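Here the structure comes first, spelled out in structure tokens, and everything after it is commentary.
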Amino acid sequence: SIEQNIEIFVPKDDSVKINLITLKNLLPQKRKLKLTYYLKNVLDEDELKSNGFIDLSFDENNNCIVAKNIVNSEFSNYMYISSSEKINSYTGNKKEFFGDGGLSNPDGIKIEQFSGSNSLNCDGIIALNIEFEIDALEYKQIALILGAENSEIDCKNTAYKYSKVETCTRSLEQVAKFWSDFTNKMNINTPIDSINILSNGWIIYQALCCRILARTGYYQSGGAYGFRDQLQDTLGLKYIDPEILKNQIIIHSKHQFVEGDVEHWWHAETGKGIRTRISDDLLWLVYLTTEYINSTNDYSILDIETPYVQGKILQENEMERYDKYTHTEFEESIYKHCIKAIEKTLNFGKNGLPKIGTGDWNDGLSNVGSKGIGESIWLGFFLYNVLDRFIPVCEYKGDNELAQKYEEIKNKLKKSLNTNGWDGRWYKRAYTDDGDTLGSMENDECRIDSIAQSWSVISNAGDNDKKYISMESLENHLIDRENGIIKLLDPPFEKGKLEPGYIKAYMPGVRENGGQYTHAAIWVILAETMLGFGDKAVELYRMINPIEHSRTKDASKKYKVEPYVIPADIYGVGNMAGRGGWTWYTGSSSWYYKVGIEYILGLKIEKGYIRIKPCIPKEWEEYQIKYRWKKSIYNIKVKNPNKKNTGVEKVIVNGQEQENKIKLDEEEKIYNIEVIM
């Protein structure tokens, strides 16, 4: 007879998790209740390293329990728990809490008064209880507060701030408004409900909240910045706030080494990161810089100066080093950072293709080029695209000699890709140190790999006939409609002679090893739109939507993971085919949003102007986009009376026909736009 509700949220500007509990007494008499709060705190990389070394202190006046790891100085934060109700008692001893009862029925639920014991030198936890009364047929709100700060005094100060339920309620309203405003700047209405639901808020929330702010998820609680990953996370966010993209470029430029390579990932808290021989990370800095310029027309980013990191260069047989790297005293422009990244990548093998190192986009191919010989066809396409995007930047800066140099490299690379990279029906994936081929018809495993085919189209480097042939091969071999997935490669690595790296340690059909790696699956859809195949593109875009994997009880039992976030991967083989892998923590969310908005619905922002260039199914009669930019609102209705996939016949803005180029206006105006295909 107690109605219970809990709302959990993080305030916009404080490092605190609030549990706002509302209890209603449904009986006509006063009730006396006890509430118990239990958690296992870590304050380290894992609980084994910190167990027995977390010191607890209870400040009764401030109603606050503070925890600190006393042996690992890298984890310098203090953690605390507080409540809007008086903490009656607490314990830091797991044995005391569970007793003989175990997880399903711990003794701690029955204990009226905990001992107040510390977590030092024992299996540590924090458990507390509070006691309170609720009048007959009345309700009560209680706040439980869990936070982290840089000092003990800050812990107590923030705990005091949120000790009042009214403050928590007001903070919940503020954070709800923030997310509502942020995620509703773009609203779409298409004939497919699952696309509308996911695109109107969910994906943008995932990209910013999980990937940019938290940098952690249920399956990977790292908290690190990934160089390539967090840059790509801002691709979808550029429609909402291009400053997020700009800031990410600036942050990442500071983690490029003087020599041009970059930290594969790093922890902002400790300053430690990992230097590797992975070959594509550094190019994403250039890719995103050109993305920002092409969208905003703001070339001033090129002149922003940032330092490099410096440290010992990897030795001949050293594949990676985790270390604390320091910043240089001198700074250089983002433009020069980009040039250093490109120059570092201009390292070609005997087939005229860039060397793969210990992995390109696929980190699992860690052994393909570890001796410094192996080459990557995918990296060739990506480098071609980066050069193609950066040459106009060189020309803008008056660097015509450099532009000419990159143009010559680009043309030579295209020739190598379409000769040494071509396998007859599709593009190969890589050449190994030992001269073996990956992604070829001659292979028993990994005969065809998705990203070499999709990027032959995305980069525009594939010969025209070969692009169509390779994408047809991809559709025939890698699209599994029965399980609703697009595989990364097929067949998976298992017992063959090739030893490509740690990818082979995954079970066949899991993650990179022959499952759907959603990041790559979205690139397939992007390639289909660039070829003008609107029916195929939307069919596949809908197919990999997690809502479509959860429409029935049987489907959701098979899929098993959340239907409202993009998964990083879906298993692809055997009885686990169609089962979701890890969710939330994936750069796929931003790409899924970008491809849907920009390449399917066709809302392109180029040099500060909106252009509508759809690629949709022929049977779509119309769709709408409502876009809020600064203070202006753009109501866009696209009509398809001629049953086309692509092509725009007429654009009418506020009753006047004009060219397909509408300025992004910061003034408070409404633009009613009708697009006839």
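Starting from 1 in every chain, residues are counted up; chains themselves are A, B, ... following the order of the structure tokens, and ligands are numbered from 1 as listed.
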
Neighbours of segment 418-434 of chain A within 8 Å (only C-alpha atoms; same-chain residues fewer than 4 positions away dropped), as a PyMOL selection string? chain A and resi 351-352+356+368-378+414+438-441+448-449+452-453+462-463+466+469-471+473-474+500

Which of segment 346-577 of chain A DSSP labels alpha helix (DSSP H), written as a tab-separated table (two decimals) with C-alpha atoms, in the first residue's frame:
chain	number	residue	atom	x	y	z
A	377	ILE	CA	42.75	-0.44	-49.36
A	378	TRP	CA	40.13	1.18	-47.10
A	379	LEU	CA	42.70	3.64	-45.76
A	380	GLY	CA	43.54	4.47	-49.37
A	381	PHE	CA	39.94	5.46	-50.05
A	382	PHE	CA	39.76	7.45	-46.82
A	383	LEU	CA	43.04	9.25	-47.53
A	384	TYR	CA	41.82	10.04	-51.06
A	385	ASN	CA	38.66	11.60	-49.61
A	386	VAL	CA	40.61	13.59	-47.01
A	387	LEU	CA	42.95	14.95	-49.69
A	388	ASP	CA	39.98	15.78	-51.90
A	389	ARG	CA	38.38	17.75	-49.07
A	390	PHE	CA	41.61	19.46	-47.98
A	391	ILE	CA	42.91	20.64	-51.38
A	392	PRO	CA	40.36	23.53	-51.53
A	393	VAL	CA	41.51	24.53	-48.02
A	394	CYS	CA	45.11	24.71	-49.25
A	395	GLU	CA	43.96	26.86	-52.17
A	396	TYR	CA	42.03	29.13	-49.80
A	400	ASN	CA	48.90	26.30	-54.33
A	401	GLU	CA	52.12	24.27	-54.43
A	402	LEU	CA	50.86	22.03	-51.62
A	403	ALA	CA	47.46	21.76	-53.29
A	404	GLN	CA	49.16	20.63	-56.50
A	405	LYS	CA	51.27	18.08	-54.61
A	406	TYR	CA	48.17	16.59	-52.95
A	407	GLU	CA	46.31	16.55	-56.29
A	408	GLU	CA	49.10	14.49	-57.86
A	409	ILE	CA	49.19	12.07	-54.88
A	410	LYS	CA	45.40	11.76	-55.03
A	411	ASN	CA	45.39	10.86	-58.75
A	412	LYS	CA	48.20	8.33	-58.31
A	413	LEU	CA	46.39	6.79	-55.33
A	414	LYS	CA	43.15	6.47	-57.31
A	415	LYS	CA	45.00	4.48	-59.98
A	416	SER	CA	46.50	2.12	-57.36
A	417	LEU	CA	43.12	1.61	-55.67
A	418	ASN	CA	41.43	0.64	-58.93
A	419	THR	CA	44.22	-1.69	-60.05
A	450	SER	CA	32.10	-3.91	-46.28
A	451	ILE	CA	34.03	-0.68	-45.77
A	452	ALA	CA	36.30	-1.04	-48.80
A	453	GLN	CA	33.17	-1.19	-50.97
A	454	SER	CA	31.20	1.61	-49.29
A	455	TRP	CA	34.15	3.98	-49.21
A	456	SER	CA	34.92	3.41	-52.88
A	457	VAL	CA	31.63	5.29	-53.35
A	458	ILE	CA	31.84	7.73	-50.41
A	464	ASN	CA	32.38	4.36	-62.00
A	465	ASP	CA	31.62	0.79	-63.12
A	466	LYS	CA	33.55	-0.74	-60.22
A	467	LYS	CA	31.57	1.24	-57.62
A	468	TYR	CA	28.30	-0.28	-58.83
A	469	ILE	CA	29.74	-3.79	-59.17
A	470	SER	CA	31.33	-3.70	-55.70
A	471	MET	CA	28.15	-2.44	-54.01
A	472	GLU	CA	26.13	-5.17	-55.74
A	473	SER	CA	28.60	-7.73	-54.38
A	474	LEU	CA	28.27	-6.21	-50.90
A	475	GLU	CA	24.47	-6.51	-51.11
A	476	ASN	CA	24.70	-10.15	-52.22
A	477	HIS	CA	27.20	-11.27	-49.58
A	478	LEU	CA	26.85	-9.02	-46.52
A	518	THR	CA	26.82	-0.61	-37.01
A	519	HIS	CA	29.32	2.15	-37.78
A	520	ALA	CA	30.22	0.35	-41.03
A	521	ALA	CA	26.61	-0.63	-41.75
A	522	ILE	CA	25.64	3.06	-41.84
A	523	TRP	CA	28.44	3.74	-44.35
A	524	VAL	CA	26.78	1.15	-46.62
A	525	ILE	CA	23.55	3.15	-46.47
A	526	LEU	CA	25.45	6.38	-47.13
A	527	ALA	CA	27.00	4.82	-50.24
A	528	GLU	CA	23.57	3.70	-51.49
A	529	THR	CA	22.28	7.28	-51.23
A	530	MET	CA	25.31	8.62	-53.12
A	534	GLY	CA	16.68	5.72	-52.37
A	535	ASP	CA	14.57	2.57	-52.11
A	536	LYS	CA	17.54	0.45	-51.00
A	537	ALA	CA	18.93	3.14	-48.69
A	538	VAL	CA	15.71	3.62	-46.71
A	539	GLU	CA	15.01	-0.12	-46.61
A	540	LEU	CA	18.42	-0.70	-44.99
A	541	TYR	CA	18.18	2.41	-42.78
A	542	ARG	CA	14.89	1.11	-41.44
A	543	MET	CA	16.17	-2.48	-41.20
A	553	LYS	CA	7.91	-10.13	-28.07
A	554	ASP	CA	9.81	-12.80	-30.01
A	555	ALA	CA	11.94	-10.21	-31.82
A	556	SER	CA	12.85	-8.40	-28.60
A	557	LYS	CA	13.76	-11.70	-26.93
A	558	LYS	CA	16.15	-12.34	-29.78
A	559	TYR	CA	17.55	-8.78	-29.88

List every residue of segment 462-665 of chain A that DSSP, applied to the backbone of this structure, assigns to strand (DSSP E), and report them as JSON, numbers by chain. {"A": [479, 480, 485, 486, 489, 490, 516, 517, 569, 570, 603, 604, 605, 606, 609, 610, 611, 612, 622, 623, 624, 625, 626, 627, 628, 629, 632, 633, 634, 635, 636, 637, 638, 639, 650, 651, 652, 653, 656, 657, 658, 662, 663]}

What is the atom CA of Gly501 of chain A-atom CA of Glu45 of chain A distance in Å, reported with one decimal?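 So the two atoms, atom CA of Gly501 of chain A and atom CA of Glu45 of chain A, lie 25.6 Å apart.
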
Have a look at A:Ala176, A:Ile18, A:Ile70, A:Ala568 and name the one nearest to Ala143 of chain A; count only C-alpha atoms.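 Smallest distance to Ala143 of chain A is found for A:Ile18.
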
Mind pulling up the distance from atom CA of Ile21 of chain A to atom CA of Gln141 of chain A?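 Separating atom CA of Gln141 of chain A from atom CA of Ile21 of chain A is a distance of 5.5 Å.
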
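Among A:Ile334, A:Leu103, A:Ile342, A:Leu245, the residue with the shortest atom-to-atom distance to Tyr299 of chain A, counting only C-alpha atoms, is A:Ile334.
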
Provide the atom CA of Glu343 of chain A to atom CA of Gly260 of chain A distance in Å, to one decimal place.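 Atom-to-atom, atom CA of Glu343 of chain A to atom CA of Gly260 of chain A, that is 7.6 Å.
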
Select, from A:Lys497, A:Lys504, A:Leu198, A:Tyr239, the residue with the minimum atom-to-atom distance to Pro563 of chain A, counting only C-alpha atoms.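 Residue with the minimum atom-to-atom distance to Pro563 of chain A: A:Leu198.
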
Closest to Asp14 of chain A among A:Asn157, A:Ser73, A:Thr586, A:Asn105, using only C-alpha atoms?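 With only C-alpha atoms as the atom set, the closest residue is A:Asn157.
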
Given only C-alpha atoms as the basis, pick out the residue of A:Pro617, A:Pro242, A:Pro641, A:Gly514 nearest to Ile293 of chain A. A:Pro242

Pick from A:Gly102, A:Pro28, A:Pro508, A:Pro614: nearest to Tyr599 of chain A, with only C-alpha atoms counted?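 With only C-alpha atoms as the atom set, the closest residue is A:Pro614.
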